[in-house]
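Structure file upload-v6.csv with CSV, N, CA and C atoms:
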chain,number,residue,atom,x,y,z
A,860,LEU,N,29.3,-154.2,131.0
A,860,LEU,CA,29.6,-153.3,129.9
A,860,LEU,C,29.8,-154.1,128.7
A,861,SER,N,29.1,-153.8,127.7
A,861,SER,CA,29.1,-154.6,126.4
A,861,SER,C,30.1,-153.9,125.4
A,862,ARG,N,30.8,-154.7,124.8
A,862,ARG,CA,31.7,-154.2,123.7
A,862,ARG,C,31.0,-154.0,122.4
A,863,PRO,N,31.1,-152.9,121.7
A,863,PRO,CA,30.3,-152.8,120.5
A,863,PRO,C,30.9,-153.6,119.3
A,864,LEU,N,32.2,-153.9,119.4
A,864,LEU,CA,32.9,-154.6,118.3
A,864,LEU,C,33.9,-155.6,118.9
A,865,HIS,N,33.9,-156.8,118.5
A,865,HIS,CA,34.8,-157.8,119.0
A,865,HIS,C,35.7,-158.2,117.8
A,866,LEU,N,37.0,-158.2,118.0
A,866,LEU,CA,37.9,-158.6,116.9
A,866,LEU,C,38.7,-159.9,117.3
A,867,GLU,N,38.9,-160.7,116.3
A,867,GLU,CA,39.7,-161.9,116.4
A,867,GLU,C,40.7,-162.0,115.3
A,868,VAL,N,41.9,-162.4,115.6
A,868,VAL,CA,43.0,-162.6,114.7
A,868,VAL,C,43.5,-164.0,114.8
A,869,ALA,N,43.8,-164.6,113.6
A,869,ALA,CA,44.3,-166.0,113.6
A,869,ALA,C,45.3,-166.1,112.5
A,870,ALA,N,46.2,-167.1,112.6
A,870,ALA,CA,47.2,-167.4,111.6
A,870,ALA,C,47.4,-168.9,111.5
A,871,ARG,N,47.8,-169.4,110.4
A,871,ARG,CA,48.0,-170.8,110.2
A,871,ARG,C,49.1,-171.1,109.2
A,872,TYR,N,49.8,-172.2,109.4
A,872,TYR,CA,50.8,-172.7,108.4
A,872,TYR,C,50.5,-174.1,108.1
A,873,GLY,N,50.6,-174.5,106.9
A,873,GLY,CA,50.4,-175.9,106.5
A,873,GLY,C,51.4,-176.4,105.5
A,874,TYR,N,51.7,-177.7,105.5
A,874,TYR,CA,52.6,-178.3,104.6
A,874,TYR,C,52.1,-179.7,104.3
A,875,TRP,N,52.1,-180.1,103.1
A,875,TRP,CA,51.8,-181.4,102.7
A,875,TRP,C,52.4,-181.9,101.4
A,876,GLN,N,52.5,-183.2,101.3
A,876,GLN,CA,53.0,-183.8,100.1
A,876,GLN,C,51.9,-184.6,99.4
A,877,PRO,N,51.4,-184.2,98.2
A,877,PRO,CA,50.3,-184.9,97.6
A,877,PRO,C,50.6,-186.4,97.5
A,878,HIS,N,49.6,-187.2,97.7
A,878,HIS,CA,49.8,-188.7,97.7
A,878,HIS,C,50.2,-189.2,96.4
A,879,TYR,N,49.9,-188.5,95.3
A,879,TYR,CA,50.2,-189.0,94.0
A,879,TYR,C,51.6,-188.6,93.5
A,880,TYR,N,52.3,-187.9,94.3
A,880,TYR,CA,53.7,-187.5,93.9
A,880,TYR,C,54.6,-188.7,93.6
A,881,GLY,N,55.2,-188.7,92.5
A,881,GLY,CA,56.2,-189.7,92.1
A,881,GLY,C,55.6,-190.8,91.3
A,882,LEU,N,54.2,-190.9,91.1
A,882,LEU,CA,53.6,-191.9,90.4
A,882,LEU,C,53.9,-191.8,88.9
A,883,GLU,N,53.8,-190.6,88.3
A,883,GLU,CA,54.1,-190.3,87.0
A,883,GLU,C,55.0,-189.1,86.9
A,884,ARG,N,56.2,-189.2,86.6
A,884,ARG,CA,57.1,-188.1,86.6
A,884,ARG,C,57.0,-187.3,85.4
A,885,LYS,N,56.2,-187.7,84.4
A,885,LYS,CA,56.0,-187.0,83.2
A,885,LYS,C,55.1,-185.8,83.4
A,886,THR,N,54.2,-185.9,84.4
A,886,THR,CA,53.2,-184.8,84.6
A,886,THR,C,53.7,-183.8,85.7
A,887,ALA,N,53.5,-182.6,85.4
A,887,ALA,CA,54.0,-181.5,86.4
A,887,ALA,C,53.0,-181.5,87.5
A,888,ARG,N,53.5,-182.1,88.7
A,888,ARG,CA,52.7,-182.1,89.9
A,888,ARG,C,53.6,-181.6,91.0
A,889,PRO,N,53.0,-181.0,92.0
A,889,PRO,CA,53.8,-180.5,93.1
A,889,PRO,C,54.4,-181.7,94.0
A,890,ALA,N,55.7,-181.5,94.4
A,890,ALA,CA,56.3,-182.4,95.3
A,890,ALA,C,56.0,-182.1,96.7
A,891,ALA,N,55.8,-180.8,97.0
A,891,ALA,CA,55.4,-180.4,98.3
A,891,ALA,C,54.7,-179.0,98.2
A,892,VAL,N,53.7,-178.8,99.0
A,892,VAL,CA,52.9,-177.6,99.0
A,892,VAL,C,53.0,-177.0,100.4
A,893,HIS,N,53.2,-175.7,100.4
A,893,HIS,CA,53.3,-174.9,101.7
A,893,HIS,C,52.2,-173.9,101.6
A,894,GLU,N,51.6,-173.5,102.8
A,894,GLU,CA,50.5,-172.5,102.8
A,894,GLU,C,50.7,-171.7,104.1
A,895,ILE,N,50.5,-170.4,104.0
A,895,ILE,CA,50.5,-169.6,105.2
A,895,ILE,C,49.3,-168.6,105.0
A,896,ALA,N,48.5,-168.4,106.1
A,896,ALA,CA,47.3,-167.6,106.0
A,896,ALA,C,47.1,-166.8,107.3
A,897,GLY,N,46.4,-165.7,107.1
A,897,GLY,CA,46.0,-164.8,108.2
A,897,GLY,C,44.6,-164.4,108.1
A,898,VAL,N,43.9,-164.4,109.2
A,898,VAL,CA,42.4,-164.0,109.2
A,898,VAL,C,42.1,-163.0,110.2
A,899,VAL,N,41.3,-162.0,109.9
A,899,VAL,CA,40.8,-161.0,110.8
A,899,VAL,C,39.3,-161.1,110.8
A,900,THR,N,38.7,-161.3,112.0
A,900,THR,CA,37.2,-161.4,112.1
A,900,THR,C,36.7,-160.3,113.0
A,901,ALA,N,35.7,-159.6,112.5
A,901,ALA,CA,35.0,-158.6,113.4
A,901,ALA,C,33.6,-159.0,113.6
A,902,MET,N,33.1,-158.9,114.9
A,902,MET,CA,31.8,-159.3,115.2
A,902,MET,C,31.1,-158.1,115.9
A,903,ALA,N,29.8,-157.9,115.6
A,903,ALA,CA,29.1,-156.8,116.2
A,903,ALA,C,27.7,-157.3,116.6
A,904,LEU,N,27.0,-156.6,117.4
A,904,LEU,CA,25.7,-156.9,117.9
A,904,LEU,C,25.6,-158.3,118.5
A,905,HIS,N,26.5,-158.6,119.4
A,905,HIS,CA,26.6,-159.9,120.1
A,905,HIS,C,26.8,-161.0,119.2
A,906,GLY,N,27.5,-160.9,118.1
A,906,GLY,CA,27.7,-162.0,117.2
A,906,GLY,C,26.7,-162.1,116.1
A,907,LEU,N,25.7,-161.3,116.0
A,907,LEU,CA,24.7,-161.4,115.0
A,907,LEU,C,25.2,-160.9,113.6
A,908,LEU,N,26.2,-160.0,113.6
A,908,LEU,CA,26.8,-159.5,112.4
A,908,LEU,C,28.3,-159.9,112.5
A,909,LYS,N,28.8,-160.5,111.4
A,909,LYS,CA,30.2,-161.0,111.4
A,909,LYS,C,30.8,-160.7,110.0
A,910,ALA,N,32.0,-160.2,110.0
A,910,ALA,CA,32.7,-159.9,108.8
A,910,ALA,C,34.1,-160.6,109.0
A,911,GLN,N,34.5,-161.3,107.9
A,911,GLN,CA,35.8,-162.0,108.0
A,911,GLN,C,36.6,-161.8,106.7
A,912,LEU,N,37.9,-161.4,106.9
A,912,LEU,CA,38.8,-161.2,105.8
A,912,LEU,C,40.0,-162.1,106.0
A,913,GLU,N,40.3,-162.9,104.9
A,913,GLU,CA,41.4,-163.9,105.0
A,913,GLU,C,42.3,-163.7,103.8
A,914,TYR,N,43.6,-163.7,104.1
A,914,TYR,CA,44.7,-163.7,103.0
A,914,TYR,C,45.4,-165.0,103.1
A,915,ALA,N,45.6,-165.7,102.0
A,915,ALA,CA,46.4,-167.0,102.1
A,915,ALA,C,47.4,-167.0,100.9
A,916,ARG,N,48.5,-167.6,101.1
A,916,ARG,CA,49.6,-167.7,100.1
A,916,ARG,C,50.0,-169.2,100.1
A,917,GLN,N,49.9,-169.8,98.9
A,917,GLN,CA,50.4,-171.2,98.7
A,917,GLN,C,51.6,-171.1,97.7
A,918,TRP,N,52.6,-171.9,98.1
A,918,TRP,CA,53.7,-172.0,97.1
A,918,TRP,C,54.2,-173.5,97.0
A,919,GLU,N,54.6,-173.8,95.9
A,919,GLU,CA,54.9,-175.2,95.6
A,919,GLU,C,56.0,-175.3,94.5
A,920,ARG,N,56.7,-176.4,94.4
A,920,ARG,CA,57.6,-176.6,93.4
A,920,ARG,C,57.2,-177.9,92.7
A,921,ASP,N,57.0,-177.9,91.4
A,921,ASP,CA,56.5,-179.2,90.8
A,921,ASP,C,57.7,-180.1,90.5
A,922,VAL,N,57.5,-181.3,90.0
A,922,VAL,CA,58.5,-182.2,89.8
A,922,VAL,C,59.5,-181.8,88.7
A,923,GLN,N,59.2,-180.8,87.9
A,923,GLN,CA,60.1,-180.3,86.9
A,923,GLN,C,60.9,-179.1,87.4
A,924,GLY,N,60.7,-178.8,88.7
A,924,GLY,CA,61.5,-177.7,89.3
A,924,GLY,C,60.9,-176.3,89.1
A,925,VAL,N,59.7,-176.2,88.6
A,925,VAL,CA,59.0,-174.9,88.4
A,925,VAL,C,58.3,-174.5,89.6
A,926,ASP,N,58.6,-173.2,90.1
A,926,ASP,CA,57.9,-172.7,91.3
A,926,ASP,C,56.5,-172.1,90.9
A,927,VAL,N,55.5,-172.4,91.7
A,927,VAL,CA,54.2,-171.9,91.5
A,927,VAL,C,53.8,-171.2,92.8
A,928,ASP,N,53.3,-169.9,92.6
A,928,ASP,CA,52.9,-169.1,93.8
A,928,ASP,C,51.5,-168.7,93.6
A,929,VAL,N,50.6,-168.9,94.6
A,929,VAL,CA,49.2,-168.6,94.5
A,929,VAL,C,48.8,-167.7,95.7
A,930,HIS,N,48.1,-166.6,95.4
A,930,HIS,CA,47.7,-165.7,96.4
A,930,HIS,C,46.1,-165.7,96.4
A,931,GLN,N,45.5,-165.8,97.6
A,931,GLN,CA,44.0,-165.8,97.6
A,931,GLN,C,43.6,-164.8,98.7
A,932,VAL,N,42.5,-164.0,98.4
A,932,VAL,CA,41.9,-163.1,99.3
A,932,VAL,C,40.4,-163.5,99.4
A,933,ARG,N,39.9,-163.7,100.6
A,933,ARG,CA,38.5,-164.1,100.8
A,933,ARG,C,37.8,-163.1,101.7
A,934,PHE,N,36.6,-162.7,101.4
A,934,PHE,CA,35.8,-161.9,102.3
A,934,PHE,C,34.5,-162.5,102.5
A,935,GLN,N,34.0,-162.6,103.8
A,935,GLN,CA,32.7,-163.2,104.1
A,935,GLN,C,32.0,-162.3,105.0
A,936,LEU,N,30.7,-162.1,104.7
A,936,LEU,CA,29.8,-161.3,105.6
A,936,LEU,C,28.6,-162.2,106.0
A,937,GLN,N,28.4,-162.2,107.3
A,937,GLN,CA,27.3,-163.1,107.8
A,937,GLN,C,26.4,-162.3,108.7
A,938,ALA,N,25.1,-162.5,108.5
A,938,ALA,CA,24.1,-161.8,109.4
A,938,ALA,C,23.1,-162.9,109.9
A,939,ALA,N,22.8,-162.8,111.2
A,939,ALA,CA,21.8,-163.8,111.8
A,939,ALA,C,20.6,-163.0,112.1
A,940,PHE,N,19.4,-163.6,111.8
A,940,PHE,CA,18.1,-162.9,112.1
A,940,PHE,C,17.4,-163.6,113.1

Translate the structure described by the file into structure tokens.
Amino acid sequence: LSRPLHLEVAARYGYWQPHYYGLERKTARPAAVHEIAGVVTAMALHGLLKAQLEYARQWERDVQGVDVDVHQVRFQLQAAF
């Protein structure tokens, strides 16, 4: 029995400190960056048609103490022939 639609769900969390942090404290650069994301993928026709929707949020605090919040939404449609 073949499924007409296959769904996948994924999530991720990331944290990093840029390597240039602390070199020049005059420039507003992030001390640490956090990211959380979620992805939903739908595949049809045995994987020949694929649609993917991703939402990601990044937040950081620069060396001057200012919070920066970034939201991203991506959509991808892929078809194989």

Find the residues near Val899 of chain A: any atom within 6 Å, counting only N, CA and C atoms, skip ones fewer than 5 places away on the same chain, and give them as an mmCIF file with N, CA and C atoms, in the coordinates of the input.
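This is the output file out.cif:
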data_model
loop_
_atom_site.group_PDB
_atom_site.id
_atom_site.type_symbol
_atom_site.label_atom_id
_atom_site.label_comp_id
_atom_site.auth_asym_id
_atom_site.auth_seq_id
_atom_site.Cartn_x
_atom_site.Cartn_y
_atom_site.Cartn_z
ATOM 1 N N GLU A 867 38.900 -160.700 116.300
ATOM 2 C CA GLU A 867 39.700 -161.900 116.400
ATOM 3 C C GLU A 867 40.700 -162.000 115.300
ATOM 4 N N VAL A 868 41.900 -162.400 115.600
ATOM 5 C CA VAL A 868 43.000 -162.600 114.700
ATOM 6 C C VAL A 868 43.500 -164.000 114.800
ATOM 7 N N ALA A 869 43.800 -164.600 113.600
ATOM 8 C CA ALA A 869 44.300 -166.000 113.600
ATOM 9 C C ALA A 869 45.300 -166.100 112.500
ATOM 10 N N ALA A 910 32.000 -160.200 110.000
ATOM 11 C CA ALA A 910 32.700 -159.900 108.800
ATOM 12 C C ALA A 910 34.100 -160.600 109.000
ATOM 13 N N GLN A 911 34.500 -161.300 107.900
ATOM 14 C CA GLN A 911 35.800 -162.000 108.000
ATOM 15 C C GLN A 911 36.600 -161.800 106.700
ATOM 16 N N LEU A 912 37.900 -161.400 106.900
ATOM 17 C CA LEU A 912 38.800 -161.200 105.800
ATOM 18 C C LEU A 912 40.000 -162.100 106.000
ATOM 19 N N GLU A 913 40.300 -162.900 104.900
ATOM 20 C CA GLU A 913 41.400 -163.900 105.000
ATOM 21 C C GLU A 913 42.300 -163.700 103.800
#

Query raised in the report: Between atom CA of Leu936 of chain A and atom N of Arg871 of chain A, what is the spacing in Å?
Result: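 Atom CA of Leu936 of chain A lies at a distance of 20.3 Å from atom N of Arg871 of chain A.
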
**Report entry** For His893 of chain A, the nearest of the candidates A:Ala938, A:Gly906, A:Gln917, A:Val925, counting only N, CA and C atoms
**Finding:**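 Selected residue with least distance to His893 of chain A: A:Gln917.
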
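As for atom C of Gly924 of chain A and atom C of Val892 of chain A, they are spaced 13.8 Å apart.
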
Query raised in the report: Between A:Val932, A:Leu864, A:Ala870, A:Ile895, which is the closest to Trp918 of chain A once you count only N, CA and C atoms?
Result: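 When distances to Trp918 of chain A are compared using only N, CA and C atoms, the smallest one comes from A:Ile895.
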
Query raised in the report: Smallest atom-to-atom distance to Val898 of chain A: which of A:Tyr914, A:Gln937, A:Asp926, A:Pro877, using all atoms listed in the file?
Result: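 Looking only at the distances to Val898 of chain A, the closest residue turns out to be A:Tyr914.
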
Report task. Give me, please, the distance in Å between atom N of Gln935 of chain A and atom C of Arg916 of chain A, quoted to one decimal. Result -> 17.7 Å

Query raised in the report: A:Phe940, A:His930, A:Pro863, A:Gln876: which is nearest His905 of chain A, counting only N, CA and C atoms?
Result: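 So, comparing all the options, the nearest one is A:Pro863.
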
Report summary line: Restricting to only N, CA and C atoms, whichever of A:Ala939, A:Ala896, A:Ala891, A:Val927 is closest to Leu908 of chain A is A:Ala939
